[in-house]
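Engineer: Quick one: this structure, given as C-alpha cells, is what I'll be asking you about.
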Amino acid sequence: MVELLGFRTGDQVLDIGCGTGMNFPLVQDRVGPGGIIVGVDRSAQMLAQARRRAVRHGWENVILIQADATAFSAEQISVEVTRDGGRPFSEVTLATYALSLMQQWENAWETMQQLTVTRGRLGVLDMQRPTGPSALLTPLARTACWLGGADIDAHPWKALERDSAEVRSASARGGHLQVRVGSKPR
C-alpha cells in the first residue's frame, strides 16, 4: 500500500487506527521531517506505545490524537490536529488492518474521506478469507481474525472502490490481504 499511495515529501499523512505506530517508519521515510504524521486511535495504551516509538526515533513531526474514528466527527479530529500544529486536511489518509476491527467502520471511512484534501490519496489494507489454493487456510484466518477482534467479512476496501477515483488494487497471502488505494474525487 505504501508504494501505491505515492507519498510525497512534505505530505501530511493521517493514519486511522494507527495503533502502536507500526506504519510510522515507512511513512516517515517518505514524507521526511517536513511532513506530518497524524495517528488517530481510540486506545490510550496503543498511543502511548506510538508516542514512545516517535520519541525513540526523534520524530518531532508526529501528532497523536485519542479518538474513536467511528464516533468523533471529522471536524472534531481536524480541530485537534490543527491545535497540535497540523493542517485541517491531509494529502494521504490510510487505514491498515483497522477498519475491520471497528463495528461501525463505515463511519470511520466517512471520516477518512472528510479529512482528505480533494484529489488526495486514500488507502485501505484489510483482510478477507483466503482464495484459490490458499482457501484451505480459511479456518486459520478466521480464527486469527476472531482472536484479534476483526470481522473477516467486513471488506472495507469495497467502500474505497465505490467512493474513490483512480482506484488501484493489490492482494497478498492467497488473497487474504486486500489493498486498495484511490484518490478523493472533486
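Following the order of the C-alpha cells, chains are lettered A, B, ..., residues in each are numbered from 1, and ligands are numbered from 1.
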Fewer than 3 positions away in the same chain doesn't count, so skip those; otherwise give me all residues within 9 Å of Gln114 in chain A, counting only C-alpha atoms, as a list in words.
Structural biologist: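 Within the cut-off, the hits are Ala74, Glu75, Phe89, Trp109, Glu110, Thr111 and Val117 of chain A.
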Engineer: Store the residues of this selection in a file with C-alpha atoms, as a tab-separated table (two decimals), in the first residue's frame.
Structural biologist:
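New file out.tsv:
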```tsv
chain	number	residue	atom	x	y	z
A	74	ALA	CA	-14.17	14.83	11.15
A	75	GLU	CA	-14.46	18.39	12.43
A	89	PHE	CA	-6.86	18.15	5.96
A	109	TRP	CA	-14.48	5.59	6.26
A	110	GLU	CA	-16.63	8.74	6.01
A	111	THR	CA	-14.30	10.49	8.45
A	117	VAL	CA	-7.93	17.08	0.60
```
Engineer: Which of range 21-89 of chain A counts as strand (DSSP E or B) under DSSP, as a list of chain:residue names please?
Structural biologist: A:Ile36, A:Ile37, A:Val38, A:Gly39, A:Val40, A:Asp41, A:Val62, A:Ile63, A:Leu64, A:Ile65, A:Gln66
Engineer: Counting only C-alpha atoms, figure out which residue out of A:Ser171, A:Ser78, A:Thr143, A:Gln178 gets nearest to His155 in chain A.
Structural biologist: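 Counting only C-alpha atoms, the residue closest to His155 in chain A is A:Gln178.
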Engineer: Per residue of range 99-140 of chain A within 10 Å of range 14-25 of chain A, what are the shortest atom pair and its distance in Å to one decimal, counting only C-alpha atoms, with rows by chain and residue number, as JSON lines?
Structural biologist:
```
{"residue": "A:Leu99", "atom": "CA", "partner": "A:Gly17", "partner_atom": "CA", "distance": 7.6}
{"residue": "A:Leu101", "atom": "CA", "partner": "A:Gly17", "partner_atom": "CA", "distance": 9.0}
{"residue": "A:Met102", "atom": "CA", "partner": "A:Gly17", "partner_atom": "CA", "distance": 9.2}
{"residue": "A:Ala108", "atom": "CA", "partner": "A:Ile16", "partner_atom": "CA", "distance": 8.0}
{"residue": "A:Trp109", "atom": "CA", "partner": "A:Ile16", "partner_atom": "CA", "distance": 9.2}
{"residue": "A:Thr111", "atom": "CA", "partner": "A:Ile16", "partner_atom": "CA", "distance": 9.2}
{"residue": "A:Met112", "atom": "CA", "partner": "A:Ile16", "partner_atom": "CA", "distance": 7.5}
{"residue": "A:Leu115", "atom": "CA", "partner": "A:Leu14", "partner_atom": "CA", "distance": 8.2}
{"residue": "A:Thr116", "atom": "CA", "partner": "A:Leu14", "partner_atom": "CA", "distance": 8.4}
{"residue": "A:Leu122", "atom": "CA", "partner": "A:Leu14", "partner_atom": "CA", "distance": 9.5}
{"residue": "A:Gly123", "atom": "CA", "partner": "A:Asp15", "partner_atom": "CA", "distance": 9.6}
{"residue": "A:Val124", "atom": "CA", "partner": "A:Ile16", "partner_atom": "CA", "distance": 9.9}
```
Engineer: Report, in Å with one decimal, the straight-line distance from CA of Val40 in chain A to CA of Arg142 in chain A.
Structural biologist: 26.4 Å
Engineer: With distances taken over only C-alpha atoms, which of A:Pro133, A:Ala44, A:Arg52, A:Gly85 is nearest to Gln66 in chain A?
Structural biologist: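 Nearest candidate to Gln66 in chain A out of A:Pro133, A:Ala44, A:Arg52, A:Gly85: A:Ala44.
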Engineer: Could you work out how far CA of Val179 in chain A lies from CA of Val167 in chain A, giving the answer in Å with one decimal?
Structural biologist: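 Result for CA of Val167 in chain A versus CA of Val179 in chain A: 10.2 Å, one decimal.
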